[in-house]
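Okay, start.txt now, which holds compact mmCIF, C-alpha atoms:
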```txt
# COMPACT_ATOMS: atom_id res chain seq x y z
CA MET A 29 -55.51 33.99 -4.67
CA HIS A 30 -52.47 32.22 -3.18
CA ARG A 31 -50.33 30.26 -5.61
CA PHE A 32 -47.94 27.45 -4.76
CA GLN A 33 -44.33 28.14 -5.73
CA GLY A 34 -43.68 25.10 -7.89
CA SER A 35 -42.21 24.97 -11.39
CA ASN A 36 -45.66 26.05 -12.59
CA GLU A 37 -48.79 27.21 -10.84
CA ASN A 38 -50.39 23.76 -11.05
CA GLU A 39 -47.47 21.88 -9.47
CA LEU A 40 -47.32 21.31 -5.71
CA PRO A 41 -44.04 22.17 -3.91
CA PHE A 42 -43.45 18.60 -2.71
CA ALA A 43 -43.82 17.34 -6.29
CA SER A 44 -41.08 19.68 -7.43
CA ALA A 45 -38.84 18.60 -4.55
CA TRP A 46 -39.49 14.92 -5.35
CA LYS A 47 -38.60 15.53 -8.99
CA ASN A 48 -35.32 17.21 -7.97
CA ASP A 49 -34.50 14.28 -5.67
CA MET A 50 -35.09 11.82 -8.49
CA LEU A 51 -32.89 13.83 -10.83
CA THR A 52 -30.13 13.89 -8.21
CA ILE A 53 -30.39 10.13 -7.68
CA ALA A 54 -30.28 9.52 -11.43
CA ARG A 55 -27.26 11.81 -11.82
CA ASN A 56 -25.41 10.13 -8.94
CA ARG A 57 -26.19 6.69 -10.35
CA LYS A 58 -24.85 7.74 -13.74
CA GLU A 59 -21.65 9.02 -12.12
CA GLN A 60 -21.21 5.78 -10.18
CA LEU A 61 -21.68 3.67 -13.31
CA LYS A 62 -19.11 5.81 -15.12
CA LYS A 63 -16.63 5.02 -12.36
CA VAL A 64 -17.41 1.32 -12.75
CA GLU A 65 -16.76 1.61 -16.48
CA ILE A 66 -13.40 3.34 -15.95
CA LEU A 67 -12.20 0.80 -13.37
CA ALA A 68 -13.41 -2.10 -15.52
CA ILE A 69 -11.30 -0.79 -18.40
CA GLU A 70 -8.24 -0.64 -16.14
CA LEU A 71 -8.82 -4.22 -14.99
CA ALA A 72 -9.43 -5.43 -18.55
CA ARG A 73 -6.15 -3.84 -19.63
CA ALA A 74 -4.33 -5.57 -16.77
CA ASN A 75 -6.03 -8.85 -17.66
CA THR A 76 -5.05 -8.52 -21.31
CA HIS A 77 -1.42 -7.63 -20.60
CA LEU A 78 -1.07 -10.65 -18.32
CA HIS A 79 -2.78 -12.81 -20.93
CA TYR A 80 -0.23 -11.72 -23.53
CA PHE A 81 2.60 -12.23 -21.04
CA ARG A 82 1.53 -15.82 -20.37
CA GLU A 83 1.00 -16.66 -24.03
CA LEU A 84 4.21 -15.05 -25.26
CA TYR A 85 6.23 -16.54 -22.41
CA GLN A 86 5.24 -20.00 -23.58
CA ALA A 87 6.45 -19.12 -27.07
CA TYR A 88 9.58 -17.52 -25.65
CA ARG A 89 10.60 -20.85 -24.17
CA ALA A 90 10.74 -22.26 -27.69
CA PRO A 91 13.73 -21.30 -29.87
CA LEU A 92 13.06 -17.76 -31.06
CA LYS A 93 15.43 -15.16 -32.43
CA PHE A 94 15.82 -11.59 -31.20
CA GLN A 95 16.10 -12.36 -27.48
CA ASP A 96 16.37 -8.69 -26.46
CA PHE A 97 13.11 -7.90 -28.24
CA TRP A 98 11.29 -10.73 -26.44
CA ASP A 99 12.82 -9.78 -23.08
CA TYR A 100 11.55 -6.23 -23.39
CA THR A 101 8.17 -7.30 -24.79
CA LEU A 102 7.54 -9.69 -21.88
CA THR A 103 8.73 -7.13 -19.35
CA ALA A 104 6.50 -4.45 -20.87
CA HIS A 105 3.38 -6.60 -20.70
CA PHE A 106 4.06 -7.67 -17.12
CA CYS A 107 4.90 -4.16 -15.92
CA LEU A 108 1.87 -2.60 -17.60
CA GLY A 109 -0.36 -5.27 -16.07
CA LEU A 110 1.18 -4.49 -12.68
CA LEU A 111 0.65 -0.76 -13.22
CA GLN A 112 -3.06 -1.21 -14.03
CA ILE A 113 -3.61 -3.40 -10.97
CA CYS A 114 -1.85 -0.91 -8.71
CA ARG A 115 -4.04 1.91 -10.02
CA VAL A 116 -7.24 0.02 -9.22
CA TYR A 117 -5.99 -1.00 -5.75
CA ASP A 118 -4.61 2.44 -4.91
CA THR A 119 -5.94 4.46 -1.94
CA HIS A 120 -5.37 8.04 -3.14
CA LYS A 121 -8.28 10.31 -2.18
CA GLU A 122 -8.13 12.21 -5.47
CA GLY A 123 -7.84 9.11 -7.62
CA ILE A 124 -10.35 6.59 -8.86
CA ASN A 125 -9.98 3.23 -7.19
CA LEU A 126 -11.95 0.38 -5.69
CA LEU A 127 -11.55 1.64 -2.12
CA LEU A 128 -13.17 5.01 -2.88
CA LEU A 129 -15.88 3.27 -4.88
CA LEU A 130 -16.78 1.07 -1.91
CA GLU A 131 -16.62 3.98 0.52
CA SER A 132 -19.26 5.75 -1.58
CA VAL A 133 -21.78 2.98 -0.83
CA ASP A 134 -24.59 3.85 1.59
CA LYS A 135 -23.93 0.90 3.90
CA ASN A 136 -26.96 1.71 6.05
CA GLY A 137 -29.13 0.77 3.10
CA LEU A 138 -27.58 -2.71 2.87
CA LYS A 139 -29.17 -5.63 4.64
CA GLY A 140 -28.27 -9.25 5.32
CA GLU A 141 -26.02 -10.86 2.73
CA GLU A 142 -25.38 -7.60 0.87
CA ARG A 143 -24.07 -5.96 4.05
CA GLU A 144 -21.85 -8.99 4.73
CA ARG A 145 -20.48 -8.82 1.20
CA PHE A 146 -19.80 -5.10 1.60
CA ASP A 147 -17.90 -5.61 4.86
CA GLU A 148 -15.89 -8.44 3.30
CA TYR A 149 -14.97 -6.39 0.23
CA LEU A 150 -14.10 -3.29 2.25
CA GLY A 151 -11.82 -5.41 4.41
CA HIS A 152 -9.77 -6.28 1.32
CA PHE A 153 -9.36 -2.66 0.19
CA ARG A 154 -9.22 -0.44 3.26
CA LYS A 155 -5.91 1.02 4.37
CA GLY A 156 -4.11 -1.35 6.72
CA THR A 157 -5.82 -4.33 5.11
CA LYS A 158 -4.94 -7.80 6.34
CA ASN A 159 -4.99 -9.00 2.74
CA THR A 160 -1.26 -9.61 2.27
CA VAL A 161 -1.49 -9.70 -1.53
CA VAL A 162 -3.18 -6.27 -1.68
CA SER A 163 -0.59 -4.89 0.76
CA LYS A 164 2.21 -6.31 -1.39
CA TYR A 165 0.96 -4.61 -4.54
CA ARG A 166 0.52 -1.33 -2.70
CA ASN A 167 4.15 -1.59 -1.58
CA TRP A 168 5.18 -2.01 -5.20
CA ARG A 169 3.05 0.97 -6.14
CA ASN A 170 4.52 3.19 -3.41
CA ASP A 171 8.18 2.17 -3.61
CA ILE A 172 8.76 1.18 -7.24
CA ILE A 173 5.99 2.12 -9.66
CA ALA A 174 4.62 5.52 -8.65
CA HIS A 175 7.73 6.59 -6.72
CA TYR A 176 11.10 4.88 -7.01
CA ASN A 177 12.33 4.75 -3.41
CA LEU A 178 15.87 6.16 -3.26
CA LYS A 179 17.21 3.65 -0.73
CA ILE A 180 15.87 0.74 -2.75
CA ALA A 181 17.23 2.20 -6.00
CA VAL A 182 20.73 2.79 -4.57
CA SER A 183 21.06 -0.52 -2.75
CA GLY A 184 19.49 -2.52 -5.57
CA ARG A 185 15.95 -3.78 -5.53
CA ASP A 186 16.64 -7.51 -5.41
CA LYS A 187 15.97 -7.59 -1.66
CA PHE A 188 12.70 -5.71 -2.10
CA ALA A 189 11.66 -8.00 -4.96
CA ASN A 190 12.39 -11.09 -2.89
CA GLU A 191 10.47 -9.76 0.11
CA HIS A 192 7.53 -8.73 -2.07
CA SER A 193 7.73 -11.41 -4.74
CA LEU A 194 5.10 -11.27 -7.47
CA ASN A 195 3.44 -14.14 -9.29
CA LEU A 196 0.81 -14.44 -11.97
CA LEU A 197 -1.64 -16.40 -9.82
CA GLU A 198 -1.90 -13.61 -7.24
CA ALA A 199 -2.13 -10.96 -9.94
CA GLN A 200 -5.01 -12.85 -11.54
CA GLN A 201 -6.73 -13.20 -8.17
CA LEU A 202 -6.65 -9.43 -7.70
CA ILE A 203 -8.03 -8.84 -11.19
CA ASN A 204 -10.85 -11.34 -10.63
CA LEU A 205 -11.68 -9.82 -7.25
CA GLY A 206 -11.79 -6.38 -8.82
CA PHE A 207 -14.27 -7.50 -11.49
CA GLU A 208 -16.37 -9.21 -8.82
CA VAL A 209 -16.59 -6.02 -6.76
CA LEU A 210 -17.52 -3.89 -9.78
CA GLU A 211 -20.32 -6.24 -10.79
CA TRP A 212 -21.61 -6.40 -7.21
CA PHE A 213 -21.48 -2.61 -6.92
CA SER A 214 -23.44 -2.27 -10.15
CA HIS A 215 -26.00 -4.80 -8.92
CA ILE A 216 -26.79 -2.96 -5.68
CA HIS A 217 -27.32 0.19 -7.77
CA GLY A 218 -29.90 -1.57 -9.93
CA HIS A 219 -27.75 -2.61 -12.89
CA ASP A 220 -26.66 -6.20 -13.55
CA ILE A 221 -23.50 -5.48 -15.53
CA LYS A 222 -21.11 -8.16 -16.77
CA CYS A 223 -17.70 -6.57 -17.22
CA GLN A 224 -15.80 -7.42 -20.39
CA ARG A 225 -12.58 -9.18 -19.38
CA PHE A 226 -10.71 -8.96 -22.70
CA PRO A 227 -10.84 -7.08 -26.00
CA ASP A 228 -12.32 -8.99 -28.91
CA GLY A 229 -8.93 -9.37 -30.56
CA LYS A 230 -7.09 -10.83 -27.57
CA ASP A 231 -5.80 -13.79 -29.62
CA GLY A 232 -4.12 -11.68 -32.30
CA HIS A 233 -0.72 -12.70 -31.01
CA GLU A 234 -1.27 -16.21 -32.37
CA TYR A 235 -1.08 -14.96 -35.96
CA LEU A 236 2.17 -13.14 -35.18
CA LEU A 237 3.73 -16.25 -33.66
CA GLU A 238 2.63 -18.40 -36.60
CA CYS A 239 4.30 -15.95 -39.00
CA LEU A 240 7.51 -16.00 -37.00
CA ARG A 241 7.58 -19.79 -36.85
CA ALA A 242 6.90 -19.99 -40.57
CA LYS A 243 9.73 -17.55 -41.22
CA ASP A 244 12.11 -19.60 -39.09
CA GLY A 245 11.11 -22.73 -40.99
CA GLU A 246 12.03 -21.31 -44.40
```
Will you turn the file into structure tokens for me?
Amino acid sequence: MHRFQGSNENELPFASAWKNDMLTIARNRKEQLKKVEILAIELARANTHLHYFRELYQAYRAPLKFQDFWDYTLTAHFCLGLLQICRVYDTHKEGINLLLLLESVDKNGLKGEERERFDEYLGHFRKGTKNTVVSKYRNWRNDIIAHYNLKIAVSGRDKFANEHSLNLLEAQQLINLGFEVLEWFSHIHGHDIKCQRFPDGKDGHEYLLECLRAKDGE
């Protein structure tokens, strides 16, 4: 008697193939959600560093001692925030970034508004983007952060900094756009995820500043 070659003699071949397809889909979905989690962490770190920069800068404008310490602290928070943003907006094929995440989407399966959203998002992140803010941050990544361009280093980077000036509003716009894309990407894969923007203890700096002010008032 002929037997079907399934996982057992009672299982039809197409049932086994369907099961394998479902397992593959589930595995791919899990991998995609892991990428979302990693990128969300990078964005949350950038968001938190810029939050601390803004809050501490306000305190810095008040009379505080140890100017060198505050200079380096503010610079560290701003530079780390910049680093995290540049990672997420990178284009390296072996990295993990928003461009590669979007390119993994099966655009043929998107219809109507979802396809329009996809095209809009991809336009922000693709190489040669017309988004001047994204291009600016990629220039910082390529010439200062990941690789310190020799000509810029020797001649001084004031000219570069003036031509590619950074501001907190644009940085925040990129962070917000990144979170928006991650949540949209999760949604089209069947998961309505709300990314956490900050750690729970994001206001811990307030206690530090209160202690310093109290100390100065003694």
Glu131 of chain A: which residues within 12 Å, counting only C-alpha atoms, same-chain residues fewer than 4 positions away excluded, as a JSON list (two decimals) with C-alpha atoms, keeping the file's coordinate frame?
```json
[["chain", "number", "residue", "atom", "x", "y", "z"],
["A", 60, "GLN", "CA", -21.21, 5.78, -10.18],
["A", 119, "THR", "CA", -5.94, 4.46, -1.94],
["A", 121, "LYS", "CA", -8.28, 10.31, -2.18],
["A", 124, "ILE", "CA", -10.35, 6.59, -8.86],
["A", 125, "ASN", "CA", -9.98, 3.23, -7.19],
["A", 126, "LEU", "CA", -11.95, 0.38, -5.69],
["A", 127, "LEU", "CA", -11.55, 1.64, -2.12],
["A", 135, "LYS", "CA", -23.93, 0.90, 3.90],
["A", 136, "ASN", "CA", -26.96, 1.71, 6.05],
["A", 146, "PHE", "CA", -19.80, -5.10, 1.60],
["A", 147, "ASP", "CA", -17.90, -5.61, 4.86],
["A", 149, "TYR", "CA", -14.97, -6.39, 0.23],
["A", 150, "LEU", "CA", -14.10, -3.29, 2.25],
["A", 151, "GLY", "CA", -11.82, -5.41, 4.41],
["A", 153, "PHE", "CA", -9.36, -2.66, 0.19],
["A", 154, "ARG", "CA", -9.22, -0.44, 3.26],
["A", 155, "LYS", "CA", -5.91, 1.02, 4.37],
["A", 213, "PHE", "CA", -21.48, -2.61, -6.92]]
```
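Residues within 9 Å of Ile203 of chain A, counting only C-alpha atoms and excluding same-chain residues fewer than 4 positions away, are Leu71, Ala72, Ala74, Asn75, Ile113, Glu198, Ala199, Phe207 and Glu208 of chain A.
When atom CA of Gly206 of chain A is paired with atom CA of Lys62 of chain A, their separation reads 15.6 Å.
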(request) In the coordinates of the file, take the point (-31.5, -0.4, -11.3) and a cut-off of 12 Å; then, counting only C-alpha atoms, name each qualifying protein, DNA or RNA residue as a VMD selection string. (result) chain A and resid 53 to 54 57 to 58 61 213 to 221
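Checking A:Asn204, A:Tyr235, A:Phe81, A:Gln86 one by one against Tyr100 of chain A, counting all atoms listed in the file, you find the shortest gap at A:Phe81.
Ranking A:Leu205, A:Glu211, A:Gly140, A:His105 by their shortest atom-to-atom distance to Lys63 of chain A, with all atoms listed in the file included, puts A:Glu211 first.
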(request) Rank A:Leu78, A:Glu142, A:Leu240, A:His152 by their smallest atom-to-atom distance to Phe94 of chain A, using only C-alpha atoms, and report the top residue only. (result) A:Leu240
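Coordinates place atom CA of His192 of chain A at a distance of 15.8 Å from atom CA of Lys179 of chain A.
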(request) Excluding Glu191 of chain A and residues on its chain fewer than 5 positions from it, collect all residues at most 10 Å away from it, counting all atoms listed in the file, and give them as a VMD selection string. (result) chain A and resid 164 185 to 186
Mind writing the picked residues with C-alpha atoms as an mmCIF file, in the frame of the given file?
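Okay, part-v4.cif is ready:
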```cif
data_model
loop_
_atom_site.group_PDB
_atom_site.id
_atom_site.type_symbol
_atom_site.label_atom_id
_atom_site.label_comp_id
_atom_site.auth_asym_id
_atom_site.auth_seq_id
_atom_site.Cartn_x
_atom_site.Cartn_y
_atom_site.Cartn_z
ATOM 1 C CA LYS A 164 2.210 -6.310 -1.390
ATOM 2 C CA ARG A 185 15.950 -3.780 -5.530
ATOM 3 C CA ASP A 186 16.640 -7.510 -5.410
#
```
(request) Determine the nearest neighbour of Asp171 of chain A from the options A:Val116, A:Glu141, A:Asp134, A:Phe188, counting only C-alpha atoms. (result) A:Phe188
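The interatomic distance for the pair atom CA of Val161 of chain A and atom CA of Leu111 of chain A works out to 14.9 Å.
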(message) When you look at Trp98 of chain A with a cut-off of 10 Å (counting all atoms listed in the file), what residues show up, excluding the ones that are within fewer than 3 positions of it in the same chain? I need them as number ranges by chain.
(response) A: 84-85, 87-88, 92-95, 101-104
Complete segment 174-201 of chain A at the level of N, CA and C atoms, written as a PDB file, in the frame of the given file.
```pdb
ATOM      1  N   ALA A 174       4.978   4.096  -8.668  1.00  0.00           N
ATOM      2  CA  ALA A 174       4.620   5.520  -8.650  1.00  0.00           C
ATOM      3  C   ALA A 174       5.797   6.377  -8.210  1.00  0.00           C
ATOM      4  N   HIS A 175       6.566   5.866  -7.253  1.00  0.00           N
ATOM      5  CA  HIS A 175       7.730   6.590  -6.720  1.00  0.00           C
ATOM      6  C   HIS A 175       8.845   5.564  -6.524  1.00  0.00           C
ATOM      7  N   TYR A 176       9.976   5.807  -7.138  1.00  0.00           N
ATOM      8  CA  TYR A 176      11.100   4.880  -7.010  1.00  0.00           C
ATOM      9  C   TYR A 176      11.874   5.256  -5.755  1.00  0.00           C
ATOM     10  N   ASN A 177      11.695   4.474  -4.699  1.00  0.00           N
ATOM     11  CA  ASN A 177      12.330   4.750  -3.410  1.00  0.00           C
ATOM     12  C   ASN A 177      13.851   4.823  -3.563  1.00  0.00           C
ATOM     13  N   LEU A 178      14.437   5.912  -3.077  1.00  0.00           N
ATOM     14  CA  LEU A 178      15.870   6.160  -3.260  1.00  0.00           C
ATOM     15  C   LEU A 178      16.727   5.065  -2.633  1.00  0.00           C
ATOM     16  N   LYS A 179      16.410   4.669  -1.410  1.00  0.00           N
ATOM     17  CA  LYS A 179      17.210   3.650  -0.730  1.00  0.00           C
ATOM     18  C   LYS A 179      17.175   2.337  -1.500  1.00  0.00           C
ATOM     19  N   ILE A 180      15.995   1.984  -1.986  1.00  0.00           N
ATOM     20  CA  ILE A 180      15.870   0.740  -2.750  1.00  0.00           C
ATOM     21  C   ILE A 180      16.628   0.849  -4.064  1.00  0.00           C
ATOM     22  N   ALA A 181      16.553   2.009  -4.718  1.00  0.00           N
ATOM     23  CA  ALA A 181      17.230   2.200  -6.000  1.00  0.00           C
ATOM     24  C   ALA A 181      18.750   2.120  -5.832  1.00  0.00           C
ATOM     25  N   VAL A 182      19.278   2.741  -4.774  1.00  0.00           N
ATOM     26  CA  VAL A 182      20.730   2.790  -4.570  1.00  0.00           C
ATOM     27  C   VAL A 182      21.274   1.428  -4.148  1.00  0.00           C
ATOM     28  N   SER A 183      20.564   0.757  -3.273  1.00  0.00           N
ATOM     29  CA  SER A 183      21.060  -0.520  -2.750  1.00  0.00           C
ATOM     30  C   SER A 183      20.754  -1.693  -3.678  1.00  0.00           C
ATOM     31  N   GLY A 184      19.911  -1.430  -4.686  1.00  0.00           N
ATOM     32  CA  GLY A 184      19.490  -2.520  -5.570  1.00  0.00           C
ATOM     33  C   GLY A 184      18.180  -3.096  -5.071  1.00  0.00           C
ATOM     34  N   ARG A 185      17.281  -3.392  -5.987  1.00  0.00           N
ATOM     35  CA  ARG A 185      15.950  -3.780  -5.530  1.00  0.00           C
ATOM     36  C   ARG A 185      15.726  -5.280  -5.458  1.00  0.00           C
ATOM     37  N   ASP A 186      16.799  -6.067  -5.509  1.00  0.00           N
ATOM     38  CA  ASP A 186      16.640  -7.510  -5.410  1.00  0.00           C
ATOM     39  C   ASP A 186      16.044  -7.921  -4.064  1.00  0.00           C
ATOM     40  N   LYS A 187      16.495  -7.276  -2.990  1.00  0.00           N
ATOM     41  CA  LYS A 187      15.970  -7.590  -1.660  1.00  0.00           C
ATOM     42  C   LYS A 187      14.483  -7.274  -1.580  1.00  0.00           C
ATOM     43  N   PHE A 188      14.117  -6.103  -2.098  1.00  0.00           N
ATOM     44  CA  PHE A 188      12.700  -5.710  -2.100  1.00  0.00           C
ATOM     45  C   PHE A 188      11.873  -6.710  -2.912  1.00  0.00           C
ATOM     46  N   ALA A 189      12.387  -7.080  -4.085  1.00  0.00           N
ATOM     47  CA  ALA A 189      11.660  -8.000  -4.960  1.00  0.00           C
ATOM     48  C   ALA A 189      11.494  -9.370  -4.316  1.00  0.00           C
ATOM     49  N   ASN A 190      12.495  -9.798  -3.570  1.00  0.00           N
ATOM     50  CA  ASN A 190      12.390 -11.090  -2.890  1.00  0.00           C
ATOM     51  C   ASN A 190      11.397 -11.034  -1.729  1.00  0.00           C
ATOM     52  N   GLU A 191      11.389  -9.911  -1.021  1.00  0.00           N
ATOM     53  CA  GLU A 191      10.470  -9.760   0.110  1.00  0.00           C
ATOM     54  C   GLU A 191       9.036  -9.534  -0.331  1.00  0.00           C
ATOM     55  N   HIS A 192       8.870  -9.007  -1.543  1.00  0.00           N
ATOM     56  CA  HIS A 192       7.530  -8.730  -2.070  1.00  0.00           C
ATOM     57  C   HIS A 192       7.382  -9.406  -3.433  1.00  0.00           C
ATOM     58  N   SER A 193       7.708 -10.686  -3.472  1.00  0.00           N
ATOM     59  CA  SER A 193       7.730 -11.410  -4.740  1.00  0.00           C
ATOM     60  C   SER A 193       6.346 -11.439  -5.378  1.00  0.00           C
ATOM     61  N   LEU A 194       6.336 -11.304  -6.701  1.00  0.00           N
ATOM     62  CA  LEU A 194       5.100 -11.270  -7.470  1.00  0.00           C
ATOM     63  C   LEU A 194       4.940 -12.575  -8.246  1.00  0.00           C
ATOM     64  N   ASN A 195       3.693 -12.992  -8.427  1.00  0.00           N
ATOM     65  CA  ASN A 195       3.440 -14.140  -9.290  1.00  0.00           C
ATOM     66  C   ASN A 195       2.115 -13.942 -10.009  1.00  0.00           C
ATOM     67  N   LEU A 196       1.970 -14.642 -11.115  1.00  0.00           N
ATOM     68  CA  LEU A 196       0.810 -14.440 -11.970  1.00  0.00           C
ATOM     69  C   LEU A 196      -0.493 -14.879 -11.308  1.00  0.00           C
ATOM     70  N   LEU A 197      -0.431 -15.903 -10.469  1.00  0.00           N
ATOM     71  CA  LEU A 197      -1.640 -16.400  -9.820  1.00  0.00           C
ATOM     72  C   LEU A 197      -2.247 -15.318  -8.913  1.00  0.00           C
ATOM     73  N   GLU A 198      -1.405 -14.670  -8.122  1.00  0.00           N
ATOM     74  CA  GLU A 198      -1.900 -13.610  -7.240  1.00  0.00           C
ATOM     75  C   GLU A 198      -2.403 -12.412  -8.029  1.00  0.00           C
ATOM     76  N   ALA A 199      -1.689 -12.073  -9.092  1.00  0.00           N
ATOM     77  CA  ALA A 199      -2.130 -10.960  -9.940  1.00  0.00           C
ATOM     78  C   ALA A 199      -3.509 -11.251 -10.516  1.00  0.00           C
ATOM     79  N   GLN A 200      -3.707 -12.481 -10.973  1.00  0.00           N
ATOM     80  CA  GLN A 200      -5.010 -12.850 -11.540  1.00  0.00           C
ATOM     81  C   GLN A 200      -6.094 -12.844 -10.478  1.00  0.00           C
ATOM     82  N   GLN A 201      -5.759 -13.233  -9.262  1.00  0.00           N
ATOM     83  CA  GLN A 201      -6.730 -13.200  -8.170  1.00  0.00           C
ATOM     84  C   GLN A 201      -7.201 -11.775  -7.898  1.00  0.00           C
TER      85      GLN A 201
END
```
